[in-house]
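Novice: Below is the file final28.cif, which contains mmCIF, C-alpha atoms.
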data_start
#
loop_
_atom_site.label_atom_id
_atom_site.label_comp_id
_atom_site.auth_asym_id
_atom_site.auth_seq_id
_atom_site.Cartn_x
_atom_site.Cartn_y
_atom_site.Cartn_z
CA MET A 1 17.88 10.43 26.14
CA ILE A 2 19.94 7.71 24.45
CA PRO A 3 18.47 4.53 22.89
CA ALA A 4 19.76 1.40 24.62
CA ILE A 5 19.27 -2.37 24.48
CA VAL A 6 18.53 -3.98 27.87
CA TYR A 7 16.82 -6.98 29.41
CA ILE A 8 13.23 -6.37 30.51
CA PRO A 9 12.16 -9.03 33.06
CA ASP A 10 8.83 -10.69 32.28
CA GLY A 11 8.35 -12.89 35.34
CA ARG A 12 10.00 -15.97 33.85
CA PRO A 13 13.23 -17.52 35.25
CA TRP A 14 15.54 -16.11 32.60
CA PRO A 15 17.25 -12.73 32.08
CA GLY A 16 14.23 -11.21 30.32
CA GLN A 17 13.34 -10.00 26.86
CA LEU A 18 15.74 -7.83 24.92
CA ARG A 19 14.10 -4.48 24.33
CA GLU A 20 15.06 -1.02 23.15
CA VAL A 21 14.57 1.63 25.82
CA ALA A 22 15.40 5.31 26.28
CA LEU A 23 18.05 5.90 28.94
CA ASP A 24 18.45 9.32 30.54
CA VAL A 25 22.22 9.88 30.32
CA LEU A 26 24.24 12.94 31.27
CA GLU A 27 27.57 11.74 29.89
CA LEU A 28 29.20 8.75 28.23
CA ARG A 29 32.82 8.11 29.19
CA PRO A 30 35.11 5.34 27.86
CA ALA A 31 33.91 2.74 30.35
CA GLU A 32 31.13 4.41 32.31
CA VAL A 33 27.67 5.88 32.00
CA VAL A 34 26.85 8.97 34.06
CA LEU A 35 23.16 9.21 34.93
CA PRO A 36 21.41 12.03 36.81
CA GLU A 37 21.17 9.79 39.90
CA ALA A 38 24.07 7.35 39.57
CA THR A 39 27.33 6.51 37.82
CA VAL A 40 27.86 2.99 36.46
CA ARG A 41 31.46 2.06 35.67
CA ASP A 42 33.33 -0.99 34.40
CA GLU A 43 36.55 -1.14 36.41
CA ARG A 44 38.44 -3.57 34.15
CA GLY A 45 39.90 -0.96 31.82
CA GLY A 46 39.69 -0.46 28.09
CA GLN A 47 37.29 1.58 26.00
CA LEU A 48 33.75 0.25 25.84
CA PHE A 49 31.98 3.35 24.51
CA ASN A 50 33.26 5.44 21.63
CA GLY A 51 30.14 7.23 20.47
CA SER A 52 26.61 8.01 21.54
CA THR A 53 25.16 4.53 21.14
CA LEU A 54 24.21 2.09 23.87
CA MET A 55 22.97 -0.62 21.51
CA PHE A 56 25.06 -3.68 22.37
CA ASP A 57 24.69 -7.44 22.08
CA PRO A 58 24.69 -9.32 25.42
CA ALA A 59 26.84 -11.96 23.66
CA ALA A 60 25.72 -14.70 26.05
CA GLY A 61 27.44 -12.89 28.91
CA GLY A 62 30.91 -12.85 27.33
CA GLY A 63 33.49 -14.20 29.75
CA PRO A 64 36.86 -15.94 29.44
CA LEU A 65 35.72 -18.37 26.73
CA ALA A 66 34.41 -15.61 24.45
CA ASP A 67 36.59 -13.85 21.89
CA ALA A 68 37.66 -10.24 22.48
CA VAL A 69 34.91 -8.73 20.34
CA ALA A 70 32.13 -10.70 22.05
CA ASP A 71 33.53 -9.99 25.52
CA ARG A 72 33.65 -6.24 24.81
CA GLN A 73 30.04 -6.34 23.61
CA ALA A 74 29.00 -8.24 26.74
CA ARG A 75 30.82 -5.82 29.03
CA ALA A 76 29.32 -2.77 27.31
CA PHE A 77 25.89 -4.38 27.49
CA GLY A 78 26.46 -5.06 31.20
CA VAL A 79 27.12 -1.39 31.94
CA THR A 80 24.06 -0.36 29.92
CA ASN A 81 21.78 -3.00 31.44
CA THR A 82 22.93 -2.13 34.95
CA ALA A 83 22.45 1.59 34.30
CA PHE A 84 18.87 1.02 33.14
CA HIS A 85 17.86 -1.08 36.16
CA VAL A 86 19.66 1.22 38.62
CA GLN A 87 17.93 4.27 37.15
CA ARG A 88 14.55 2.54 37.15
CA ALA A 89 14.94 1.39 40.77
CA LEU A 90 16.09 4.77 42.05
CA ARG A 91 13.34 6.63 40.20
CA PHE A 92 10.76 4.16 41.51
CA ALA A 93 11.93 4.90 45.06
CA SER A 94 12.17 8.66 44.65
CA ALA A 95 8.68 8.86 43.12
CA LEU A 96 7.14 7.09 46.13
CA LEU A 97 9.22 8.91 48.73
CA GLY A 98 8.81 12.31 47.12
CA HIS A 99 12.55 13.01 47.05
CA PRO A 100 15.68 11.49 45.50
CA LEU A 101 18.10 9.18 47.25
CA PRO A 102 21.78 10.13 47.56
CA ARG A 103 23.81 9.57 44.41
CA LEU A 104 24.96 5.96 43.90
CA LEU A 105 28.17 4.63 42.37
CA VAL A 106 28.07 1.17 40.78
CA ARG A 107 31.35 -0.60 39.97
CA ILE A 108 31.41 -3.65 37.70
CA GLY A 109 34.22 -6.19 37.51
CA MET A 110 35.19 -6.02 41.15
CA HIS A 111 36.92 -8.62 43.30
CA ASP A 112 37.86 -10.95 40.43
CA GLN A 113 41.16 -11.86 42.05
CA PRO A 114 42.29 -14.40 43.10
CA ARG A 115 39.25 -15.96 41.41
CA ARG A 116 36.31 -14.64 39.44
CA TRP A 117 33.21 -13.51 41.32
CA ARG A 118 29.59 -13.79 40.16
CA GLY A 119 28.00 -11.91 43.01
CA GLY A 120 27.21 -8.39 44.13
CA HIS A 121 27.26 -6.43 47.36
CA TYR A 122 26.60 -2.98 48.77
CA ARG A 123 29.46 -1.26 50.55
CA LEU A 124 29.96 1.74 52.81
CA PRO A 125 33.37 2.98 53.99
CA ARG A 126 34.82 1.55 57.18
CA PRO A 127 38.43 1.43 58.50
CA SER A 128 39.01 -2.32 58.07
CA LEU A 129 37.79 -2.69 54.47
CA THR A 130 41.03 -4.25 53.29
CA ASP A 131 39.45 -6.02 50.31
CA GLU A 132 37.79 -2.89 48.91
CA PRO A 133 39.06 0.14 46.97
CA ALA A 134 41.03 2.68 48.98
CA THR A 135 38.25 5.25 48.63
CA LEU A 136 34.56 4.44 48.88
CA SER A 137 31.66 6.83 48.52
CA CYS A 138 30.24 7.77 51.91
CA ALA A 139 26.77 7.55 50.33
CA GLY A 140 27.35 3.88 49.39
CA GLU A 141 28.47 1.82 46.41
CA VAL A 142 27.24 -1.29 44.62
CA HIS A 143 29.98 -3.70 43.53
CA LEU A 144 29.28 -6.37 40.92
CA GLY A 145 31.71 -9.14 40.04
CA GLY A 146 32.93 -9.77 36.52
CA GLY A 147 31.12 -13.10 36.45
CA ALA A 148 31.83 -16.81 36.87
CA GLY A 149 30.22 -20.06 35.83
CA PHE A 150 27.34 -20.61 33.45
CA VAL A 151 23.56 -20.55 33.63
CA PRO A 152 20.98 -21.51 30.97
CA ALA A 153 20.42 -19.07 28.12
CA PRO A 154 16.88 -18.52 26.79
CA ASP A 155 17.63 -20.89 23.89
CA GLY A 156 18.98 -23.59 26.21
CA SER A 157 22.64 -22.92 25.49
CA ARG A 158 25.20 -21.75 28.07
CA TYR A 159 25.20 -18.16 29.33
CA PHE A 160 28.18 -16.78 31.25
CA HIS A 161 26.82 -15.54 34.56
CA ALA A 162 27.77 -11.88 34.61
CA PRO A 163 25.95 -10.11 37.47
CA ALA A 164 25.63 -6.95 35.37
CA HIS A 165 23.31 -8.93 33.06
CA ASN A 166 21.13 -10.07 35.98
CA ALA A 167 18.42 -7.60 36.98
CA ALA A 168 17.66 -9.49 40.20
CA ILE A 169 21.16 -8.96 41.58
CA ILE A 170 21.22 -5.33 40.45
CA CYS A 171 17.84 -4.47 41.99
CA HIS A 172 18.64 -6.28 45.24
CA GLU A 173 21.83 -4.27 45.73
CA VAL A 174 20.07 -0.99 44.94
CA GLY A 175 17.57 -2.09 47.60
CA HIS A 176 20.37 -1.95 50.18
CA HIS A 177 21.05 1.66 49.14
CA LEU A 178 17.39 2.43 49.74
CA CYS A 179 17.52 0.72 53.16
CA ARG A 180 20.64 2.67 54.17
CA HIS A 181 19.02 6.01 53.38
CA THR A 182 15.56 5.31 54.79
CA ALA A 183 15.22 2.67 57.54
CA ASP A 184 18.96 2.84 58.30
CA PHE A 185 18.87 -0.44 60.19
CA ARG A 186 22.46 -0.08 61.46
CA LEU A 187 22.18 3.62 62.39
CA ASN A 188 24.98 4.53 60.00
CA ARG A 189 23.79 8.14 59.95
CA LEU A 190 25.04 8.42 63.54
CA ARG A 191 28.48 7.00 62.75
CA PRO A 192 31.43 8.96 61.33
CA PRO A 193 31.13 8.93 57.49
CA GLU A 194 34.30 6.87 57.10
CA GLN A 195 33.42 4.43 59.91
CA GLN A 196 30.07 3.01 58.85
CA THR A 197 29.19 -0.66 59.14
CA ASN A 198 28.42 -3.06 56.31
CA ARG A 199 26.86 -5.71 58.53
CA LYS A 200 23.42 -6.58 57.18
CA ILE A 201 20.52 -7.81 59.27
CA ALA A 202 17.58 -9.96 58.16
CA LEU A 203 15.35 -6.91 57.64
CA ASP A 204 17.94 -5.38 55.32
CA GLU A 205 18.31 -8.51 53.19
CA GLY A 206 14.58 -9.27 53.19
CA THR A 207 13.57 -5.73 52.26
CA ALA A 208 16.11 -5.72 49.43
CA ASP A 209 14.61 -8.99 48.19
CA VAL A 210 11.02 -7.78 48.24
CA LEU A 211 12.00 -4.57 46.47
CA ALA A 212 13.68 -6.68 43.79
CA ALA A 213 10.50 -8.77 43.52
CA ILE A 214 8.39 -5.63 43.09
CA LEU A 215 10.68 -4.26 40.38
CA LEU A 216 10.91 -7.61 38.56
CA GLY A 217 7.23 -8.48 38.98
CA THR A 218 7.89 -11.98 40.30
CA SER A 219 8.30 -13.74 43.62
CA ASP A 220 10.92 -16.07 42.09
CA ILE A 221 13.51 -13.33 41.92
CA TYR A 222 16.55 -15.61 41.64
CA GLY A 223 14.88 -18.23 39.47
CA TRP A 224 17.33 -17.70 36.60
CA HIS A 225 20.72 -18.16 38.21
CA ARG A 226 19.42 -20.42 41.01
CA GLY A 227 17.10 -22.44 38.83
CA THR A 228 18.80 -25.71 39.77
CA ILE A 229 17.89 -25.14 43.44
CA ALA A 230 14.49 -26.50 44.45
CA GLU A 231 11.82 -23.88 45.18
CA TRP A 232 11.36 -25.28 48.71
CA ASP A 233 15.08 -24.83 49.46
CA PRO A 234 15.72 -21.56 51.39
CA ARG A 235 18.77 -20.88 49.19
CA ARG A 236 16.40 -20.28 46.26
CA ARG A 237 14.87 -17.40 48.26
CA LYS A 238 11.56 -17.62 46.45
CA LEU A 239 9.02 -15.45 48.24
CA GLN A 240 6.18 -17.82 48.99
CA PRO A 241 3.69 -18.35 51.85
CA ARG A 242 5.54 -21.37 53.27
CA TRP A 243 8.22 -19.17 54.86
CA THR A 244 7.06 -18.20 58.34
CA MET A 245 8.65 -17.26 61.66
CA ALA A 246 8.85 -20.99 62.38
CA HIS A 247 11.76 -20.97 59.89
CA PHE A 248 13.46 -17.99 61.55
CA VAL A 249 16.75 -18.77 63.30
CA GLY A 250 18.26 -15.46 64.40
CA GLY A 251 21.59 -14.92 66.10
CA ARG A 252 24.76 -13.19 65.04
CA ASP A 253 26.14 -16.19 63.15
CA GLN A 254 22.97 -16.90 61.15
CA ASP A 255 22.84 -15.99 57.46
CA PRO A 256 20.60 -12.88 57.32
CA HIS A 257 19.53 -13.79 53.78
CA ALA A 258 17.68 -16.90 55.00
CA ASP A 259 15.93 -15.11 57.86
CA GLY A 260 15.26 -12.19 55.55
CA THR A 261 13.27 -14.49 53.26
CA VAL A 262 10.64 -14.76 56.01
CA TRP A 263 10.17 -10.99 56.06
CA ALA A 264 10.29 -10.69 52.25
CA SER A 265 7.72 -13.47 51.80
CA ALA A 266 5.38 -11.85 54.32
CA CYS A 267 5.66 -8.49 52.53
CA TRP A 268 5.00 -10.15 49.18
CA SER A 269 1.92 -11.91 50.61
CA ALA A 270 0.67 -8.60 51.99
CA ARG A 271 1.16 -6.92 48.63
CA GLU A 272 -0.69 -9.73 46.84
CA ARG A 273 -3.54 -9.45 49.37
CA VAL A 274 -3.74 -5.69 48.78
CA ILE A 275 -3.98 -6.29 45.03
CA ALA A 276 -6.73 -8.88 45.62
CA THR A 277 -8.86 -6.21 47.34
CA GLY A 278 -8.79 -4.18 44.13
CA ALA A 279 -6.31 -1.61 45.41
CA ASP A 280 -3.34 -0.49 43.34
CA ALA A 281 -0.13 -2.36 44.16
CA ALA A 282 1.64 1.00 44.28
CA ARG A 283 -0.29 1.78 47.43
CA PHE A 284 1.45 -1.04 49.29
CA ASP A 285 4.78 -0.06 47.72
CA ALA A 286 4.36 3.49 48.98
CA ALA A 287 3.41 2.31 52.47
CA LEU A 288 6.49 0.08 52.56
CA LEU A 289 8.92 2.80 51.52
CA ARG A 290 7.35 5.55 53.61
CA GLY A 291 7.20 3.20 56.57
CA MET A 292 10.90 2.49 56.13
CA GLU A 293 11.63 6.21 56.03
CA SER A 294 9.59 6.97 59.14
CA ALA A 295 11.19 4.02 60.97
CA GLY A 296 14.61 5.47 60.19
CA ALA A 297 13.77 9.02 61.20
CA ASP A 298 13.47 8.48 64.94
CA ALA A 299 15.81 10.19 67.37
CA ALA A 300 17.60 7.02 68.40
CA ARG A 301 21.07 7.11 69.88
CA LEU A 302 23.74 4.68 68.70
CA THR A 303 23.38 2.10 71.46
CA LYS A 304 23.13 -1.68 71.63
CA ASP A 305 19.46 -1.42 72.62
CA ALA A 306 18.65 0.91 69.73
CA LEU A 307 20.29 -1.45 67.24
CA SER A 308 18.45 -4.41 68.76
CA ARG A 309 15.08 -2.66 68.40
CA ARG A 310 15.79 -1.95 64.73
CA ARG A 311 16.17 -5.69 64.08
CA GLN A 312 12.57 -6.41 65.05
CA PHE A 313 10.15 -7.25 62.24
CA SER A 314 7.24 -5.96 64.29
CA ARG A 315 8.75 -2.46 64.49
CA LEU A 316 8.91 -2.03 60.73
CA LEU A 317 5.48 -3.64 60.33
CA SER A 318 3.99 -1.03 62.64
CA ALA A 319 5.66 1.75 60.65
CA ILE A 320 4.20 0.37 57.40
CA THR A 321 0.68 0.27 58.82
CA ARG A 322 1.02 3.81 60.17
CA ALA A 323 2.04 4.99 56.71
CA ASP A 324 -1.32 3.84 55.29
CA PRO A 325 -3.86 3.07 58.06
CA GLY A 326 -6.48 2.15 55.48
CA LEU A 327 -4.40 -0.83 54.39
CA ALA A 328 -3.54 -1.90 57.93
CA PRO A 329 -6.21 -4.63 58.37
CA VAL A 330 -5.25 -6.33 55.10
CA VAL A 331 -1.51 -6.05 55.72
CA LEU A 332 -1.72 -7.22 59.33
CA THR A 333 -3.81 -10.25 58.38
CA ALA A 334 -1.38 -11.32 55.66
CA MET A 335 1.64 -10.77 57.88
CA ALA A 336 0.06 -12.72 60.73
CA GLU A 337 -0.16 -15.75 58.46
CA HIS A 338 3.63 -15.66 58.37
CA GLY A 339 3.77 -15.35 62.15
CA ILE A 340 4.63 -11.62 62.13
CA ARG A 341 2.56 -9.38 64.43
CA PRO A 342 3.08 -5.96 66.03
CA GLY A 343 4.50 -5.57 69.49
CA ALA A 344 6.68 -8.67 69.77
CA SER A 345 10.36 -9.42 69.36
CA ASN A 346 11.65 -11.70 66.64
CA ALA A 347 12.45 -14.32 69.28
CA ALA A 348 8.90 -14.18 70.66
CA LEU A 349 7.40 -14.43 67.17
CA GLU A 350 9.66 -17.36 66.38
CA GLY A 351 8.66 -19.16 69.57
CA ALA A 352 4.96 -18.61 68.97
CA ALA A 353 5.19 -19.81 65.37
CA ARG A 354 7.04 -22.96 66.35
CA ALA A 355 4.57 -23.64 69.13
CA ASP A 356 1.71 -23.27 66.65
CA LEU A 357 3.48 -25.64 64.27
CA THR A 358 3.98 -28.21 67.04
CA GLY A 359 0.31 -27.95 67.93
CA GLU A 360 -0.71 -28.57 64.34
CA VAL A 361 1.52 -31.65 64.11
CA GLY A 362 0.15 -33.03 67.39
CA ARG A 363 -3.47 -32.93 66.27
#
Go ahead and render the structure in this file as structure tokens.

Specialist:
Amino acid sequence: MIPAIVYIPDGRPWPGQLREVALDVLELRPAEVVLPEATVRDERGGQLFNGSTLMFDPAAGGGPLADAVADRQARAFGVTNTAFHVQRALRFASALLGHPLPRLLVRIGMHDQPRRWRGGHYRLPRPSLTDEPATLSCAGEVHLGGGAGFVPAPDGSRYFHAPAHNAAIICHEVGHHLCRHTADFRLNRLRPPEQQTNRKIALDEGTADVLAAILLGTSDIYGWHRGTIAEWDPRRRKLQPRWTMAHFVGGRDQDPHADGTVWASACWSARERVIATGADAARFDAALLRGMESAGADAARLTKDALSRRRQFSRLLSAITRADPGLAPVVLTAMAEHGIRPGASNAALEGAARADLTGEVGR
């Protein structure tokens, strides 16, 4: 175990509180931390670690306006902070599932040409990945940009937005790794290892969001770096009761993040309702993850119909309720308030929710 300084989220729209933690590390290399379950690496070169310490200053995110010393501190902190949240997320999942997920590689400082990038994504190998490294792990990789732009610092000053400093982005991307190796929404386990698909559906994005909310302890998961976006704007992706199937759009050209917010909000409402009954929140978390695993373990063939069925919110909802039948009445009631019920397609749920909304307006 190595002492490290990281951000611990506390539910407020900022990076969190700086705290000393113990990080389980197998090896420290010049620009990477090797954990039992993942490797986190800064791809921009140079030596960040030269001893056994992981006590670094976040240096307001570093970036192009910082001097070399501050930028190195910020980069080293980014690797450490990412390693902590990746390890925490993966251990959270493995504890509830009863087994570990496949090893994850996280690369920081990716895709900063021709311009800097402040986002993150989860990638699997496929033949036409021309903008990715030549070799990708068949188990999946998280890529985080080197950062761009500024967001408010806790003291009101400017903070360079480095994704490796942002637990929400980190946890969301680890959520995709969990989805790939449980629910497997795109049936990648049936594809050749080097010909998987990176196309995300609404269930994938929404489940990654609700997992981030669980790990961060807040429904306003992107409140720090999207704080200038109104809470009622879907781009904020705050998980609140207002998002129902009446807001669902669907279709191949629709942003799955927006539709995913409907699913994530419904899951968050169900979790809150479970807590209100006096039950432990971990019980819902376990039902969610075990439901995802059971939904991914069917004997489906890689067909258009099989992929279409895996897009349906109702299918995963049914799997969650089967994972913990005792919670089913509470979960189903909360989900129904978002227009999500078992046994119906997304299109049918959308139509019913919009019809209900029209009826309310007409009264």

Novice: Could you list, as a CSV table (one decimal) with C-alpha atoms, keeping the file's coordinate frame, every residue within 8 Å of Asp57 of chain A, counting all atoms listed in the file and ignoring same-chain residues fewer than 3 positions away?

Specialist:
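File written: out.csv
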chain,number,residue,atom,x,y,z
A,5,ILE,CA,19.3,-2.4,24.5
A,73,GLN,CA,30.0,-6.3,23.6
A,74,ALA,CA,29.0,-8.2,26.7
A,77,PHE,CA,25.9,-4.4,27.5

Novice: Could you state the separation of atom CA of Gly109 of chain A and atom CA of Ala167 of chain A in Å, given to one decimal place?

Specialist: 15.9 Å

Novice: From the set A:Gly343, A:Gly46, A:Gly291, A:Pro58, which residue has the shortest atom-to-atom contact distance to Arg19 of chain A, counting only C-alpha atoms?

Specialist: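 Between A:Gly343, A:Gly46, A:Gly291, A:Pro58, the residue approaching Arg19 of chain A most closely is A:Pro58.
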
Novice: Hey, which of A:Gly156, A:Pro234, A:Gly206, A:Gly296 ends up closest to Ala264 of chain A? Count only C-alpha atoms.

Specialist: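 Ranked by minimum distance to Ala264 of chain A, first place goes to A:Gly206.
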
Novice: Can you spell out as a PDB file with C-alpha atoms, in the frame of the given file the set of residues that the PyMOL selection byres ((chain A and resi 239-255) around 6) selects in the structure I just provided?

Specialist:
ATOM      1  CA  SER A 219       8.300 -13.740  43.620  1.00  0.00           C
ATOM      2  CA  LYS A 238      11.560 -17.620  46.450  1.00  0.00           C
ATOM      3  CA  PRO A 256      20.600 -12.880  57.320  1.00  0.00           C
ATOM      4  CA  HIS A 257      19.530 -13.790  53.780  1.00  0.00           C
ATOM      5  CA  ALA A 258      17.680 -16.900  55.000  1.00  0.00           C
ATOM      6  CA  ASP A 259      15.930 -15.110  57.860  1.00  0.00           C
ATOM      7  CA  VAL A 262      10.640 -14.760  56.010  1.00  0.00           C
ATOM      8  CA  SER A 265       7.720 -13.470  51.800  1.00  0.00           C
ATOM      9  CA  HIS A 338       3.630 -15.660  58.370  1.00  0.00           C
ATOM     10  CA  GLY A 339       3.770 -15.350  62.150  1.00  0.00           C
ATOM     11  CA  GLU A 350       9.660 -17.360  66.380  1.00  0.00           C
ATOM     12  CA  ALA A 353       5.190 -19.810  65.370  1.00  0.00           C
ATOM     13  CA  ARG A 354       7.040 -22.960  66.350  1.00  0.00           C
TER      14      ARG A 354
END

Novice: I'd like to see the residues matched by the PyMOL selection byres ((chain A and resi 127) around 8) on this file, and ideally I'd get them as a list in words.

Specialist: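 Given this file, the PyMOL selection byres ((chain A and resi 127) around 8) evaluates to Pro125, Arg126, Ser128, Leu129, Glu194 and Gln195 of chain A.
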
Novice: Could you check how far atom CA of Ile340 of chain A sits from atom CA of Ala328 of chain A, in Å to one decimal?

Specialist: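 A separation of 13.4 Å between them.
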
Novice: Compare A:Thr277, A:Met335, A:Arg236, A:Leu178 by their minimum atom-to-atom distance to Leu96 of chain A, counting only C-alpha atoms, and give me the closest one.

Specialist: A:Leu178

Novice: Would you please work out which residue, of A:Ala299, A:Leu35, A:Ala148, A:Leu288, is nearest to Thr207 of chain A when using all atoms listed in the file?

Specialist: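 Using all atoms listed in the file, Thr207 of chain A sits closest to A:Leu288.
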
Novice: Which neighbours of Ser308 of chain A fall inside 10 Å, counting only C-alpha atoms, when residues of the same chain fewer than 6 positions from it are skipped, and could you give them as a PyMOL selection string?

Specialist: chain A and resi 185-186+345

Novice: In Å, how far is it from atom CA of His143 of chain A to atom CA of Glu27 of chain A?

Specialist: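 That distance, rounded to one decimal, is 20.7 Å.
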
Novice: At a cut-off of 12 Å around the point (12.4, -3.2, 60.3) (file coordinates), what residues fall inside when counting only C-alpha atoms? I'd like the answer as a ChimeraX atom specification.

Specialist: /A:179-180,182-186,200-208,260,263-264,267,288-289,291-296,307-320,340,342,345-346

Novice: How would the residues just chosen look if you wrote them out with C-alpha atoms as a compact mmCIF listing (two decimals), keeping the file's coordinate frame?

Specialist:
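Saved result, selection03.txt, follows:
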# COMPACT_ATOMS: atom_id res chain seq x y z
CA CYS A 179 17.52 0.72 53.16
CA ARG A 180 20.64 2.67 54.17
CA THR A 182 15.56 5.31 54.79
CA ALA A 183 15.22 2.67 57.54
CA ASP A 184 18.96 2.84 58.30
CA PHE A 185 18.87 -0.44 60.19
CA ARG A 186 22.46 -0.08 61.46
CA LYS A 200 23.42 -6.58 57.18
CA ILE A 201 20.52 -7.81 59.27
CA ALA A 202 17.58 -9.96 58.16
CA LEU A 203 15.35 -6.91 57.64
CA ASP A 204 17.94 -5.38 55.32
CA GLU A 205 18.31 -8.51 53.19
CA GLY A 206 14.58 -9.27 53.19
CA THR A 207 13.57 -5.73 52.26
CA ALA A 208 16.11 -5.72 49.43
CA GLY A 260 15.26 -12.19 55.55
CA TRP A 263 10.17 -10.99 56.06
CA ALA A 264 10.29 -10.69 52.25
CA CYS A 267 5.66 -8.49 52.53
CA LEU A 288 6.49 0.08 52.56
CA LEU A 289 8.92 2.80 51.52
CA GLY A 291 7.20 3.20 56.57
CA MET A 292 10.90 2.49 56.13
CA GLU A 293 11.63 6.21 56.03
CA SER A 294 9.59 6.97 59.14
CA ALA A 295 11.19 4.02 60.97
CA GLY A 296 14.61 5.47 60.19
CA LEU A 307 20.29 -1.45 67.24
CA SER A 308 18.45 -4.41 68.76
CA ARG A 309 15.08 -2.66 68.40
CA ARG A 310 15.79 -1.95 64.73
CA ARG A 311 16.17 -5.69 64.08
CA GLN A 312 12.57 -6.41 65.05
CA PHE A 313 10.15 -7.25 62.24
CA SER A 314 7.24 -5.96 64.29
CA ARG A 315 8.75 -2.46 64.49
CA LEU A 316 8.91 -2.03 60.73
CA LEU A 317 5.48 -3.64 60.33
CA SER A 318 3.99 -1.03 62.64
CA ALA A 319 5.66 1.75 60.65
CA ILE A 320 4.20 0.37 57.40
CA ILE A 340 4.63 -11.62 62.13
CA PRO A 342 3.08 -5.96 66.03
CA SER A 345 10.36 -9.42 69.36
CA ASN A 346 11.65 -11.70 66.64

Novice: Of the candidates A:Leu349, A:Ala66, A:Leu23, A:Ala287, which shows the shortest atom-to-atom distance to Val86 of chain A, using all atoms listed in the file?

Specialist: A:Leu23

Novice: Can you find the residues with an atom no farther than 12 Å from (-12.1, -4.4, 54.1), counting all atoms listed in the file, and report them as a PDB file with C-alpha atoms, keeping the file's coordinate frame?

Specialist:
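Dumped everything to result.pdb:
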ATOM      1  CA  ARG A 273      -3.540  -9.450  49.370  1.00  0.00           C
ATOM      2  CA  VAL A 274      -3.740  -5.690  48.780  1.00  0.00           C
ATOM      3  CA  ALA A 276      -6.730  -8.880  45.620  1.00  0.00           C
ATOM      4  CA  THR A 277      -8.860  -6.210  47.340  1.00  0.00           C
ATOM      5  CA  GLY A 278      -8.790  -4.180  44.130  1.00  0.00           C
ATOM      6  CA  ALA A 279      -6.310  -1.610  45.410  1.00  0.00           C
ATOM      7  CA  PRO A 325      -3.860   3.070  58.060  1.00  0.00           C
ATOM      8  CA  GLY A 326      -6.480   2.150  55.480  1.00  0.00           C
ATOM      9  CA  LEU A 327      -4.400  -0.830  54.390  1.00  0.00           C
ATOM     10  CA  ALA A 328      -3.540  -1.900  57.930  1.00  0.00           C
ATOM     11  CA  PRO A 329      -6.210  -4.630  58.370  1.00  0.00           C
ATOM     12  CA  VAL A 330      -5.250  -6.330  55.100  1.00  0.00           C
ATOM     13  CA  VAL A 331      -1.510  -6.050  55.720  1.00  0.00           C
ATOM     14  CA  LEU A 332      -1.720  -7.220  59.330  1.00  0.00           C
ATOM     15  CA  THR A 333      -3.810 -10.250  58.380  1.00  0.00           C
TER      16      THR A 333
END

Novice: Could you list, as a list in words, every residue within 12 Å of Ser52 of chain A, counting only C-alpha atoms and ignoring same-chain residues fewer than 2 positions away?

Specialist: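 Everything that qualifies: Met1, Ile2, Pro3, Ala4, Leu23, Val25, Leu26, Glu27, Leu28, Arg29, Pro30, Val33, Leu48, Phe49, Asn50, Leu54, Met55 and Phe56 of chain A.
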